[in-house]
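Visitor: Provided herewith: start20.txt, compact mmCIF, C-alpha atoms.
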```
# COMPACT_ATOMS: atom_id res chain seq x y z
CA MET A 1 20.55 119.79 39.25
CA LYS A 2 20.48 116.11 38.44
CA LYS A 3 22.31 115.39 41.65
CA ILE A 4 19.77 117.34 43.70
CA ILE A 5 16.91 115.41 42.14
CA THR A 6 18.58 112.10 42.87
CA THR A 7 19.29 113.13 46.44
CA MET A 8 15.72 114.28 46.89
CA ALA A 9 14.41 111.07 45.40
CA VAL A 10 16.61 109.02 47.70
CA VAL A 11 15.50 111.02 50.73
CA ALA A 12 11.86 110.64 49.73
CA LEU A 13 12.31 106.91 49.26
CA LEU A 14 14.05 106.51 52.59
CA SER A 15 11.48 108.47 54.51
CA SER A 16 8.61 106.65 52.84
CA THR A 17 10.06 103.30 53.82
CA THR A 18 10.53 104.39 57.41
CA VAL A 19 6.90 105.46 57.57
CA PHE A 20 5.84 102.22 55.96
CA SER A 21 7.72 99.87 58.22
CA ALA A 22 7.14 101.34 61.66
CA GLN A 23 9.42 100.02 64.35
CA GLN A 24 8.21 97.40 66.80
CA SER A 25 7.49 98.72 70.29
CA SER A 26 10.36 97.70 72.56
CA VAL A 27 7.89 96.66 75.27
CA VAL A 28 6.20 94.31 72.83
CA GLN A 29 9.50 92.94 71.53
CA ALA A 30 10.50 92.04 75.09
CA ASP A 31 7.17 90.20 75.51
CA ILE A 32 7.73 88.28 72.25
CA ASP A 33 11.22 87.23 73.34
CA ALA A 34 9.99 86.02 76.75
CA PHE A 35 6.96 84.23 75.29
CA GLN A 36 8.88 82.45 72.54
CA GLY A 37 11.77 81.75 74.91
CA HIS A 38 9.42 79.95 77.26
CA PHE A 39 8.17 77.59 74.54
CA LYS A 40 11.60 77.01 73.01
CA LYS A 41 12.83 75.92 76.43
CA LYS A 42 9.78 73.81 77.27
CA PHE A 43 9.77 72.04 73.90
CA SER A 44 13.46 72.25 73.06
CA HIS A 45 13.20 69.55 70.37
CA LEU A 46 10.93 71.74 68.24
CA SER A 47 12.04 74.40 65.76
CA LEU A 48 10.13 77.68 65.67
CA ASN A 49 8.06 76.68 62.63
CA ASP A 50 7.26 73.26 64.13
CA PHE A 51 4.93 75.03 66.54
CA SER A 52 2.51 75.76 63.70
CA LYS A 53 1.35 72.13 63.91
CA GLY A 54 -0.37 72.89 67.21
CA PRO A 55 -1.48 69.78 69.13
CA TYR A 56 0.22 67.56 66.54
CA ALA A 57 3.60 69.12 67.20
CA VAL A 58 3.48 67.95 70.81
CA SER A 59 1.87 64.53 70.34
CA GLU A 60 3.41 61.89 68.09
CA ASP A 61 0.39 59.65 67.74
CA LYS A 62 -1.78 62.64 66.89
CA MET A 63 0.75 63.69 64.25
CA GLY A 64 0.04 60.48 62.37
CA GLN A 65 -3.64 61.32 62.24
CA PHE A 66 -2.86 64.81 60.96
CA GLU A 67 -0.51 63.59 58.24
CA ALA A 68 -3.01 61.02 57.03
CA VAL A 69 -5.73 63.66 56.60
CA MET A 70 -3.38 66.17 55.00
CA GLU A 71 -2.38 63.66 52.30
CA MET A 72 -5.81 64.13 50.75
CA PRO A 73 -7.15 67.30 52.35
CA PRO A 74 -10.94 67.14 52.57
CA PHE A 75 -11.16 70.91 52.22
CA GLU A 76 -9.58 71.62 48.84
CA ASP A 77 -12.89 72.15 47.07
CA HIS A 78 -13.71 74.94 49.47
CA ILE A 79 -10.36 76.63 48.98
CA GLU A 80 -11.12 76.61 45.27
CA LYS A 81 -14.54 78.08 45.96
CA GLY A 82 -12.82 80.73 48.06
CA GLU A 83 -10.44 81.52 45.20
CA LYS A 84 -13.33 81.85 42.77
CA LEU A 85 -15.23 84.15 45.11
CA TRP A 86 -12.12 86.22 45.72
CA LYS A 87 -11.49 86.66 41.99
CA THR A 88 -15.08 87.36 40.98
CA ALA A 89 -15.64 91.05 40.26
CA PHE A 90 -18.29 93.07 42.11
CA LYS A 91 -21.17 94.58 40.15
CA ASN A 92 -19.09 97.74 39.78
CA GLY A 93 -16.33 95.78 38.04
CA LYS A 94 -13.81 95.99 40.88
CA THR A 95 -12.37 93.00 42.72
CA TYR A 96 -11.43 92.30 46.32
CA SER A 97 -7.76 92.82 45.48
CA SER A 98 -8.48 96.49 44.74
CA CYS A 99 -9.07 97.05 48.49
CA PHE A 100 -5.63 95.72 49.44
CA SER A 101 -2.05 96.60 48.66
CA GLY A 102 0.67 94.28 47.43
CA GLY A 103 0.29 90.88 45.80
CA ASP A 104 -2.53 88.64 46.98
CA GLU A 105 -0.01 86.26 48.55
CA THR A 106 1.17 89.03 50.89
CA ILE A 107 -2.28 90.00 52.18
CA ARG A 108 -2.58 87.37 54.94
CA THR A 109 0.53 88.58 56.77
CA GLN A 110 -0.48 92.25 56.55
CA PHE A 111 -3.11 91.52 59.22
CA PRO A 112 -4.01 92.08 61.97
CA ARG A 113 -2.81 95.64 61.52
CA TRP A 114 -3.04 98.76 63.63
CA ASN A 115 -5.27 101.36 61.96
CA THR A 116 -3.84 104.69 63.13
CA ALA A 117 -6.57 106.84 61.61
CA GLU A 118 -9.39 104.98 63.37
CA SER A 119 -7.37 103.89 66.43
CA LYS A 120 -8.34 100.25 66.11
CA VAL A 121 -7.09 96.88 64.99
CA ASP A 122 -8.03 95.84 61.46
CA THR A 123 -8.41 92.12 60.88
CA LEU A 124 -8.27 90.45 57.48
CA GLU A 125 -11.78 89.06 57.75
CA GLN A 126 -13.37 92.37 58.71
CA SER A 127 -11.41 94.12 55.96
CA ILE A 128 -12.87 91.70 53.40
CA VAL A 129 -16.39 92.48 54.61
CA ASP A 130 -15.63 96.22 54.58
CA CYS A 131 -14.33 95.86 51.02
CA ARG A 132 -17.67 94.45 49.92
CA VAL A 133 -19.60 97.26 51.57
CA LYS A 134 -17.30 99.90 50.07
CA ASN A 135 -18.08 98.48 46.66
CA GLY A 136 -21.83 98.45 47.11
CA GLU A 137 -22.20 94.77 47.97
CA LYS A 138 -24.03 93.24 50.93
CA LYS A 139 -22.23 92.23 54.11
CA ILE A 140 -21.60 88.52 54.55
CA SER A 141 -21.56 86.68 57.84
CA THR A 142 -18.31 86.12 59.69
CA GLY A 143 -16.70 83.11 61.35
CA LYS A 144 -17.45 80.53 58.68
CA GLY A 145 -18.87 80.05 55.19
CA LYS A 146 -17.85 82.20 52.25
CA LEU A 147 -15.74 84.59 54.27
CA ALA A 148 -13.77 81.71 55.81
CA TRP A 149 -13.23 80.13 52.37
CA MET A 150 -11.81 83.36 50.93
CA SER A 151 -9.65 83.88 53.98
CA ALA A 152 -8.49 80.26 53.76
CA TYR A 153 -7.57 80.81 50.12
CA LEU A 154 -5.44 83.80 51.14
CA THR A 155 -3.80 81.68 53.86
CA THR A 156 -3.08 78.91 51.38
CA ILE A 157 -1.30 81.18 48.91
CA ALA A 158 0.56 82.90 51.78
CA GLU A 159 2.37 79.69 52.72
CA GLY A 160 5.96 80.57 53.62
CA GLN A 161 5.29 84.27 54.24
CA THR A 162 6.63 85.52 57.56
CA ILE A 163 4.38 86.89 60.28
CA ASN A 164 5.51 90.32 61.39
CA VAL A 165 2.75 92.20 63.17
CA ILE A 166 3.82 95.61 64.41
CA VAL A 167 2.74 97.59 67.45
CA PRO A 168 4.33 100.88 66.41
CA GLU A 169 6.91 102.22 68.86
CA GLY A 170 5.59 105.37 70.54
CA ASP A 171 1.95 104.80 69.56
CA VAL A 172 0.14 104.90 72.90
CA LYS A 173 -3.21 103.75 71.57
CA ALA A 174 -1.76 100.81 69.67
CA LEU A 175 0.08 99.70 72.79
CA ALA A 176 -3.13 100.02 74.81
CA ALA A 177 -4.99 97.78 72.33
CA TYR A 178 -2.15 95.25 72.50
CA LYS A 179 -2.19 95.31 76.29
CA ASP A 180 -5.95 94.87 76.30
CA GLY A 181 -5.54 91.74 74.16
CA LYS A 182 -2.72 90.54 76.38
CA LYS A 183 -4.87 90.89 79.48
CA PHE A 184 -7.69 89.02 77.79
CA PHE A 185 -5.29 86.16 77.09
CA TYR A 186 -4.05 85.88 80.65
CA ALA A 187 -7.30 86.57 82.53
CA LYS A 188 -9.18 83.61 83.96
CA ARG A 189 -12.80 83.64 82.96
CA GLY A 190 -16.00 81.65 82.98
CA GLN A 191 -17.37 79.27 85.56
CA LEU A 192 -14.29 77.05 85.18
CA ASN A 193 -12.05 80.01 86.01
CA LEU A 194 -9.42 79.27 83.35
CA SER A 195 -7.45 81.59 81.08
CA CYS A 196 -6.22 81.00 77.54
CA ALA A 197 -2.74 80.93 79.08
CA ASN A 198 -3.69 78.21 81.60
CA CYS A 199 -4.59 75.79 78.83
CA HIS A 200 -2.24 76.89 76.04
CA ILE A 201 0.87 77.80 78.07
CA ASP A 202 0.74 76.10 81.49
CA PHE A 203 -0.91 72.86 80.31
CA ALA A 204 0.39 72.90 76.71
CA GLY A 205 1.23 69.37 75.60
CA GLN A 206 -1.01 67.76 78.22
CA ARG A 207 -4.13 65.79 77.43
CA ILE A 208 -7.60 67.01 78.17
CA ARG A 209 -10.42 64.57 77.35
CA GLY A 210 -9.67 63.46 73.76
CA ASP A 211 -7.47 66.47 72.99
CA THR A 212 -3.84 67.39 73.41
CA LEU A 213 -3.49 71.04 74.32
CA SER A 214 -1.62 73.04 71.70
CA PRO A 215 1.05 75.60 72.60
CA ALA A 216 -0.11 79.18 72.05
CA LEU A 217 2.99 79.84 69.98
CA GLY A 218 2.07 79.25 66.35
CA HIS A 219 -1.67 79.24 67.03
CA ILE A 220 -2.46 81.51 64.13
CA THR A 221 -0.20 80.28 61.30
CA HIS A 222 -2.84 78.11 59.64
CA PHE A 223 -6.22 79.78 60.16
CA PRO A 224 -8.96 79.50 59.03
CA VAL A 225 -8.77 75.78 59.75
CA TRP A 226 -10.91 72.90 58.60
CA ARG A 227 -12.12 70.96 61.63
CA GLY A 228 -13.65 67.53 61.66
CA LYS A 229 -15.78 68.65 64.58
CA TRP A 230 -17.12 71.69 62.74
CA ALA A 231 -17.82 69.60 59.65
CA LYS A 232 -20.04 67.31 61.70
CA LYS A 233 -22.18 70.21 62.79
CA LYS A 234 -24.14 72.30 60.33
CA GLY A 235 -21.60 73.88 57.99
CA ASP A 236 -18.63 72.81 55.94
CA GLY A 237 -15.93 72.55 58.61
CA PHE A 238 -14.23 75.90 58.10
CA GLY A 239 -13.79 78.42 60.86
CA THR A 240 -11.80 81.61 61.36
CA ILE A 241 -9.57 82.34 64.32
CA GLN A 242 -12.33 84.37 65.97
CA ARG A 243 -14.75 81.45 65.65
CA ARG A 244 -12.17 79.43 67.58
CA TYR A 245 -11.96 82.16 70.25
CA GLY A 246 -15.71 81.86 70.77
CA GLY A 247 -15.44 78.08 71.11
CA CYS A 248 -12.61 78.29 73.62
CA ASN A 249 -14.52 80.87 75.68
CA LYS A 250 -17.60 78.65 75.74
CA GLN A 251 -15.51 75.66 76.85
CA VAL A 252 -14.76 77.37 80.14
CA ARG A 253 -18.41 78.44 80.39
CA ALA A 254 -17.73 82.07 79.69
CA LYS A 255 -20.08 83.98 77.44
CA PRO A 256 -18.33 84.45 74.08
CA PHE A 257 -18.00 87.91 72.56
CA LYS A 258 -19.27 89.06 69.18
CA ARG A 259 -16.73 88.56 66.42
CA HIS A 260 -14.86 91.57 65.06
CA LYS A 261 -15.53 93.81 68.00
CA LYS A 262 -12.84 95.30 70.20
CA GLU A 263 -12.39 92.29 72.54
CA TYR A 264 -11.50 89.63 69.98
CA ASP A 265 -9.76 92.07 67.61
CA ASN A 266 -7.37 93.13 70.37
CA LEU A 267 -6.90 89.51 71.39
CA GLU A 268 -6.05 88.61 67.79
CA TYR A 269 -3.53 91.46 67.72
CA PHE A 270 -1.69 90.21 70.82
CA HIS A 271 -2.07 86.54 69.93
CA THR A 272 -0.60 87.03 66.43
CA VAL A 273 2.28 89.28 67.51
CA MET A 274 3.46 86.49 69.83
CA SER A 275 4.12 84.33 66.74
CA ASN A 276 6.15 86.98 64.90
CA GLY A 277 8.95 85.44 62.88
CA MET A 278 7.00 82.25 62.13
CA GLU A 279 5.87 81.30 58.67
CA ILE A 280 2.29 80.90 57.50
CA SER A 281 1.85 77.17 56.99
CA GLY A 282 -1.26 77.25 54.79
CA THR A 283 -4.73 76.00 55.63
CA GLU A 284 -4.69 72.90 57.77
CA TYR A 285 -6.82 70.16 59.24
CA ARG A 286 -7.66 70.09 62.92
CA GLN A 287 -9.54 67.48 64.91
CA MET B 1 -69.13 72.65 46.26
CA ARG B 2 -69.28 76.39 46.54
CA LYS B 3 -70.57 76.12 50.08
CA LEU B 4 -67.81 73.77 51.04
CA LEU B 5 -65.20 76.15 49.71
CA LEU B 6 -66.74 79.03 51.63
CA ILE B 7 -66.78 77.05 54.86
CA THR B 8 -63.18 76.00 54.39
CA LEU B 9 -62.15 79.57 53.71
CA THR B 10 -63.99 80.87 56.74
CA ALA B 11 -62.45 78.22 58.94
CA PHE B 12 -59.05 79.13 57.58
CA ALA B 13 -59.60 82.84 58.19
CA LEU B 14 -60.71 82.19 61.74
CA SER B 15 -57.77 79.96 62.53
CA VAL B 16 -55.37 82.59 61.21
CA GLN B 17 -57.03 85.11 63.46
CA VAL B 18 -56.73 82.84 66.45
CA ASP B 19 -53.06 82.37 65.66
CA LEU B 20 -52.52 86.11 65.54
CA VAL B 21 -54.26 86.65 68.84
CA ALA B 22 -52.18 83.91 70.41
CA ALA B 23 -49.00 85.38 69.01
CA ASP B 24 -50.00 88.73 70.39
CA HIS B 25 -50.53 87.27 73.83
CA ALA B 26 -47.23 85.49 73.75
CA HIS B 27 -45.57 88.71 72.76
CA ASN B 28 -47.14 90.59 75.64
CA GLY B 29 -46.20 87.82 78.01
CA LYS B 30 -42.60 88.17 77.03
CA ASN B 31 -42.47 91.85 77.69
CA SER B 32 -44.52 92.06 80.82
CA PRO B 33 -42.84 91.40 84.16
CA SER B 34 -45.34 88.64 84.85
CA GLY B 35 -43.18 86.61 82.49
CA LYS B 36 -44.95 83.41 81.57
CA ALA B 37 -46.62 83.30 78.21
CA SER B 38 -48.96 80.60 79.44
CA GLY B 39 -50.63 83.20 81.60
CA VAL B 40 -49.57 81.80 85.01
CA GLU B 41 -48.68 84.73 87.20
CA LEU B 42 -45.16 84.64 88.67
CA SER B 43 -44.97 85.23 92.38
CA VAL B 44 -43.61 88.46 93.80
CA GLU B 45 -40.62 86.56 95.18
CA CYS B 46 -39.92 85.06 91.79
CA LYS B 47 -40.15 88.38 90.01
CA SER B 48 -37.87 90.15 92.44
CA ALA B 49 -35.33 87.30 92.40
CA ILE B 50 -35.28 87.45 88.60
CA SER B 51 -34.84 91.18 88.45
CA ALA B 52 -32.02 91.04 91.02
CA ALA B 53 -30.26 88.32 89.02
CA SER B 54 -30.68 90.25 85.77
CA ALA B 55 -29.27 93.42 87.29
CA GLU B 56 -26.19 91.62 88.61
CA ASN B 57 -25.67 89.86 85.30
CA ARG B 58 -25.78 93.19 83.46
CA ARG B 59 -22.96 94.36 85.74
CA ALA B 60 -20.96 91.22 84.98
CA LYS B 61 -21.44 91.78 81.28
CA LYS B 62 -20.42 95.41 81.55
CA VAL B 63 -17.04 94.46 82.98
CA GLY B 64 -16.63 91.82 80.28
CA PHE B 65 -16.88 88.69 82.39
CA GLU B 66 -20.39 87.36 81.89
CA TRP B 67 -20.62 83.58 82.28
CA ARG B 68 -22.07 81.35 79.62
CA ASP B 69 -25.13 79.96 81.38
CA THR B 70 -26.32 82.78 83.63
CA LYS B 71 -28.92 84.08 81.20
CA LYS B 72 -30.09 80.56 80.53
CA PHE B 73 -30.82 80.08 84.25
CA ILE B 74 -32.78 83.32 84.34
CA LYS B 75 -34.86 82.14 81.40
CA GLN B 76 -35.44 78.79 83.06
CA ALA B 77 -36.49 80.53 86.25
CA LYS B 78 -39.17 82.49 84.40
CA LYS B 79 -40.44 79.35 82.76
CA ALA B 80 -40.46 77.26 85.91
CA GLY B 81 -42.30 79.67 88.18
CA GLY B 82 -43.01 78.68 91.78
CA LYS B 83 -40.30 77.68 94.21
CA LYS B 84 -38.01 76.51 91.44
CA CYS B 85 -38.03 80.02 90.00
CA VAL B 86 -36.46 81.57 93.07
CA LYS B 87 -33.90 78.79 93.28
CA LEU B 88 -32.81 79.19 89.67
CA ALA B 89 -32.80 82.98 89.81
CA ASN B 90 -30.64 82.89 92.93
CA LYS B 91 -28.25 80.51 91.22
CA ALA B 92 -27.99 82.96 88.31
CA LYS B 93 -27.41 85.84 90.70
CA ALA B 94 -24.64 83.96 92.52
CA GLN B 95 -22.95 83.31 89.16
CA ALA B 96 -23.20 86.96 88.19
CA LEU B 97 -21.66 88.04 91.51
CA ASN B 98 -18.83 85.52 91.08
CA ALA B 99 -18.22 86.81 87.58
CA GLN B 100 -17.94 90.37 88.88
CA GLN B 101 -15.49 89.22 91.53
CA GLN B 102 -13.53 87.37 88.85
CA ALA B 103 -13.23 90.60 86.85
CA LYS B 104 -11.75 92.31 89.91
CA ASP B 105 -9.38 89.43 90.64
CA GLN B 106 -8.16 89.37 87.04
CA ALA B 107 -7.68 93.12 86.67
CA ASN B 108 -3.90 92.75 86.56
CA ALA B 109 -3.69 89.36 84.86
CA GLY B 110 -0.43 88.68 83.05
CA PRO B 111 2.20 86.04 82.43
CA VAL B 112 3.41 84.02 85.40
CA GLY B 113 6.92 82.64 85.53
CA PHE B 114 8.41 84.35 82.48
```
Would you kindly transcribe this structure into structure tokens?
Guide:
Amino acid sequence: MKKIITTMAVVALLSSTTVFSAQQSSVVQADIDAFQGHFKKKFSHLSLNDFSKGPYAVSEDKMGQFEAVMEMPPFEDHIEKGEKLWKTAFKNGKTYSSCFSGGDETIRTQFPRWNTAESKVDTLEQSIVDCRVKNGEKKISTGKGKLAWMSAYLTTIAEGQTINVIVPEGDVKALAAYKDGKKFFYAKRGQLNLSCANCHIDFAGQRIRGDTLSPALGHITHFPVWRGKWAKKKGDGFGTIQRRYGGCNKQVRAKPFKRHKKEYDNLEYFHTVMSNGMEISGTEYRQ
Amino acid sequence: MRKLLLITLTAFALSVQVDLVAADHAHNGKNSPSGKASGVELSVECKSAISAASAENRRAKKVGFEWRDTKKFIKQAKKAGGKKCVKLANKAKAQALNAQQQAKDQANAGPVGF
């Protein structure tokens, strides 16, 4: 009898882990290998995790600027504010953590995640807003402000966690969402007729006005970021990845999409999968 | 003193009323096809150029390729009136058509060279 119970327990454990960690779609894995292979060849002096430094990884003089700012990060107060907000209980006594599984330091890398039941991509930021609503609190605005601070706190404590976004093998709808995001990334748009890939693959490492174009690999390891440019405008300098998408769309004179709708959620899915295997580098400064 | 207060109050009440009427007009102006809140009638050419541009831009939006400034040009056209209106509306329409063509051209966009 004891043996049967142990066997059953082992079987249950095994099957639960297989359900939990769905296998990566082979189509997607081939894309990841080609994408990362391209960058490793183009910038052969960089290690995989070096790519998380974006424009600074491919420009030595810019790297100096980055390191100087990161010695005394101007954004630490806001990360602390984010931590406080994250840990403050709702009126019903529950906390944000109650909406998520695993330790807080693992939450960042659980997203973006395919939501099988609703056939859509869940992002971390939208899940935080949904958590508030579920617990009887008001929505908060996306892109910057409180939501960005909380998200930045989660990114900070996730430093060193590995990105491993899964498009489950055999899930047609998940693959369609991924492909939708992929097409968004490669499609030229706006009056300037440029795609994300034109700037962040083809021209990566080249200068454009005062900027050096970052490689798309490692784009998402450090978001939300604190940007000098955003701090000069109204606001505190923080912005989420989808705020950045809006900015990059506007740069080519394309009309940006609303955050946390299908377009940018699918883009975030594709964009993040491409950096699978990289580590979260914590919240960082950007020009 | 009392009289003064009364006069001030009346003046205040009247000015509020005037404001409301003005706001009402502006509101109507926005919704009516004649466009301009200032009451200047837009020409038939202007109106038809604007509605053509708007229709094409809705198509561009529907396929997910609307350009950043197209709506701005349509707004400017309404405000400008006259000859400038048609010019701006046509510029907006040309953008919207280009955006639709872009959507078609990019239907199979994907990586190049790897």
Visitor: Write down, as a list in words, each residue of chain B that has any atom within 9 Å of an atom of chain A, counting only C-alpha atoms.
Guide: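 On the chain B side, the interface is Lys61, Gly64, Phe65, Glu66, Trp67, Arg68, Asp69, Thr70, Gln95, Asn98, Ala99, Gln102, Ala103, Asp105, Gln106, Ala107, Asn108, Ala109, Gly110, Pro111 and Phe114 of chain B.
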Visitor: For a quick check of understanding, using all atoms listed in the file, which of B:Leu97, B:Ala80, B:Leu42, B:Ala49 has the smallest distance to Val63 of chain B?
Guide: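 When distances to Val63 of chain B are compared using all atoms listed in the file, the smallest one comes from B:Leu97.
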Visitor: Excluding His260 of chain A and residues on its chain fewer than 6 positions from it, collect all residues at most 12 Å away from it, counting only C-alpha atoms, and give them as an NGL selection string.
Guide: :A and (112 or 120-130 or 141-143 or 240-243 or 245-246 or 266-269)
Visitor: Output C-alpha atoms for every residue in the selection just made, as a PDB file, keeping the file's coordinate frame.
Guide:
```
ATOM      1  CA  PRO A 112      -4.010  92.080  61.970  1.00  0.00           C
ATOM      2  CA  LYS A 120      -8.340 100.250  66.110  1.00  0.00           C
ATOM      3  CA  VAL A 121      -7.090  96.880  64.990  1.00  0.00           C
ATOM      4  CA  ASP A 122      -8.030  95.840  61.460  1.00  0.00           C
ATOM      5  CA  THR A 123      -8.410  92.120  60.880  1.00  0.00           C
ATOM      6  CA  LEU A 124      -8.270  90.450  57.480  1.00  0.00           C
ATOM      7  CA  GLU A 125     -11.780  89.060  57.750  1.00  0.00           C
ATOM      8  CA  GLN A 126     -13.370  92.370  58.710  1.00  0.00           C
ATOM      9  CA  SER A 127     -11.410  94.120  55.960  1.00  0.00           C
ATOM     10  CA  ILE A 128     -12.870  91.700  53.400  1.00  0.00           C
ATOM     11  CA  VAL A 129     -16.390  92.480  54.610  1.00  0.00           C
ATOM     12  CA  ASP A 130     -15.630  96.220  54.580  1.00  0.00           C
ATOM     13  CA  SER A 141     -21.560  86.680  57.840  1.00  0.00           C
ATOM     14  CA  THR A 142     -18.310  86.120  59.690  1.00  0.00           C
ATOM     15  CA  GLY A 143     -16.700  83.110  61.350  1.00  0.00           C
ATOM     16  CA  THR A 240     -11.800  81.610  61.360  1.00  0.00           C
ATOM     17  CA  ILE A 241      -9.570  82.340  64.320  1.00  0.00           C
ATOM     18  CA  GLN A 242     -12.330  84.370  65.970  1.00  0.00           C
ATOM     19  CA  ARG A 243     -14.750  81.450  65.650  1.00  0.00           C
ATOM     20  CA  TYR A 245     -11.960  82.160  70.250  1.00  0.00           C
ATOM     21  CA  GLY A 246     -15.710  81.860  70.770  1.00  0.00           C
ATOM     22  CA  ASN A 266      -7.370  93.130  70.370  1.00  0.00           C
ATOM     23  CA  LEU A 267      -6.900  89.510  71.390  1.00  0.00           C
ATOM     24  CA  GLU A 268      -6.050  88.610  67.790  1.00  0.00           C
ATOM     25  CA  TYR A 269      -3.530  91.460  67.720  1.00  0.00           C
TER      26      TYR A 269
END
```
Visitor: State, in Å with one decimal place, the distance from atom CA of Ser51 of chain B to atom CA of Ala89 of chain B.
Guide: 8.6 Å
Visitor: For the point (9.3, 90.0, 58.8) in file coordinates, what residues are within 7 Å, counting only C-alpha atoms? Give the answer as number ranges by chain?
Guide: A: 162-164, 277
Visitor: Just give me the residues with any atom within 12 Å of (9.4, 92.3, 72.1), file coordinates, counting all atoms listed in the file, written as a list in words.
Guide: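 Residues with an atom close enough to that point: Gln23, Gln24, Ser25, Ser26, Val27, Val28, Gln29, Ala30, Asp31, Ile32, Asp33, Ala34, Phe35, Gln36, Gly37, Asn164, Val165, Ile166, Val167, Pro168, Glu169, Leu175, Tyr178, Phe270, Val273, Met274, Ser275, Asn276 and Gly277 of chain A.
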Visitor: At a cut-off of 7 Å, using only C-alpha atoms, what residues contact Trp86 of chain A? Leave out same-chain residues fewer than 2 positions from it and give the result as a list in words.
Guide: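 Residues near the query, excluding close chain neighbours: Gly82, Glu83, Lys84, Thr88, Tyr96 and Met150 of chain A.
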Visitor: Please indicate the distance in Å from atom CA of Arg132 of chain A to atom CA of Lys87 of chain A, rounded to one decimal place.
Guide: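 Those two atoms sit 12.7 Å apart.
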Visitor: Would you mind listing, for every residue of segment 114-167 of chain A within 12 Å of segment 55-77 of chain A, the two atoms forming the shortest contact and the distance between them in Å to one decimal, using only C-alpha atoms, sorted by chain and ascending residue number, as JSON lines?
Guide:
```
{"residue": "A:Ala148", "atom": "CA", "partner": "A:Phe75", "partner_atom": "CA", "distance": 11.7}
{"residue": "A:Trp149", "atom": "CA", "partner": "A:Phe75", "partner_atom": "CA", "distance": 9.5}
{"residue": "A:Met150", "atom": "CA", "partner": "A:Asp77", "partner_atom": "CA", "distance": 11.9}
{"residue": "A:Ala152", "atom": "CA", "partner": "A:Phe75", "partner_atom": "CA", "distance": 9.8}
{"residue": "A:Tyr153", "atom": "CA", "partner": "A:Glu76", "partner_atom": "CA", "distance": 9.5}
{"residue": "A:Thr156", "atom": "CA", "partner": "A:Glu76", "partner_atom": "CA", "distance": 10.1}
```
Visitor: Tell me which of A:Gly145, A:Gly103, A:Gly205, A:Ala117 sits closest to Gly235 of chain A, counting all atoms listed in the file.
Guide: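 With all atoms listed in the file as the atom set, the closest residue is A:Gly145.
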Visitor: By how many Å are atom CA of His45 of chain A and atom CA of Gly210 of chain A apart?
Guide: 23.9 Å
Visitor: So which residues touch segment 89-94 of chain A within 8 Å, counting all atoms listed in the file, skipping near sequence neighbours fewer than 6 positions away, as a VMD selection string?
Guide: chain A and resid 132 135 to 137
Visitor: Show me, as a list of chain:residue names, the residues that have an atom within 8 Å of Gly82 of chain B when counting only C-alpha atoms, minus same-chain residues fewer than 4 positions from it.
Guide: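 My reading of the contact set: B:Leu42, B:Ser43, B:Cys46, B:Val86.
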Visitor: For Ile157 of chain A, list every protein, DNA or RNA residue within 12 Å, evaluated using all atoms listed in the file, and leave out those in the same chain fewer than 6 positions away; present the list as a PyMOL selection string.
Guide: chain A and resi 79-80+82-83+103-109+150-151+222+280-283
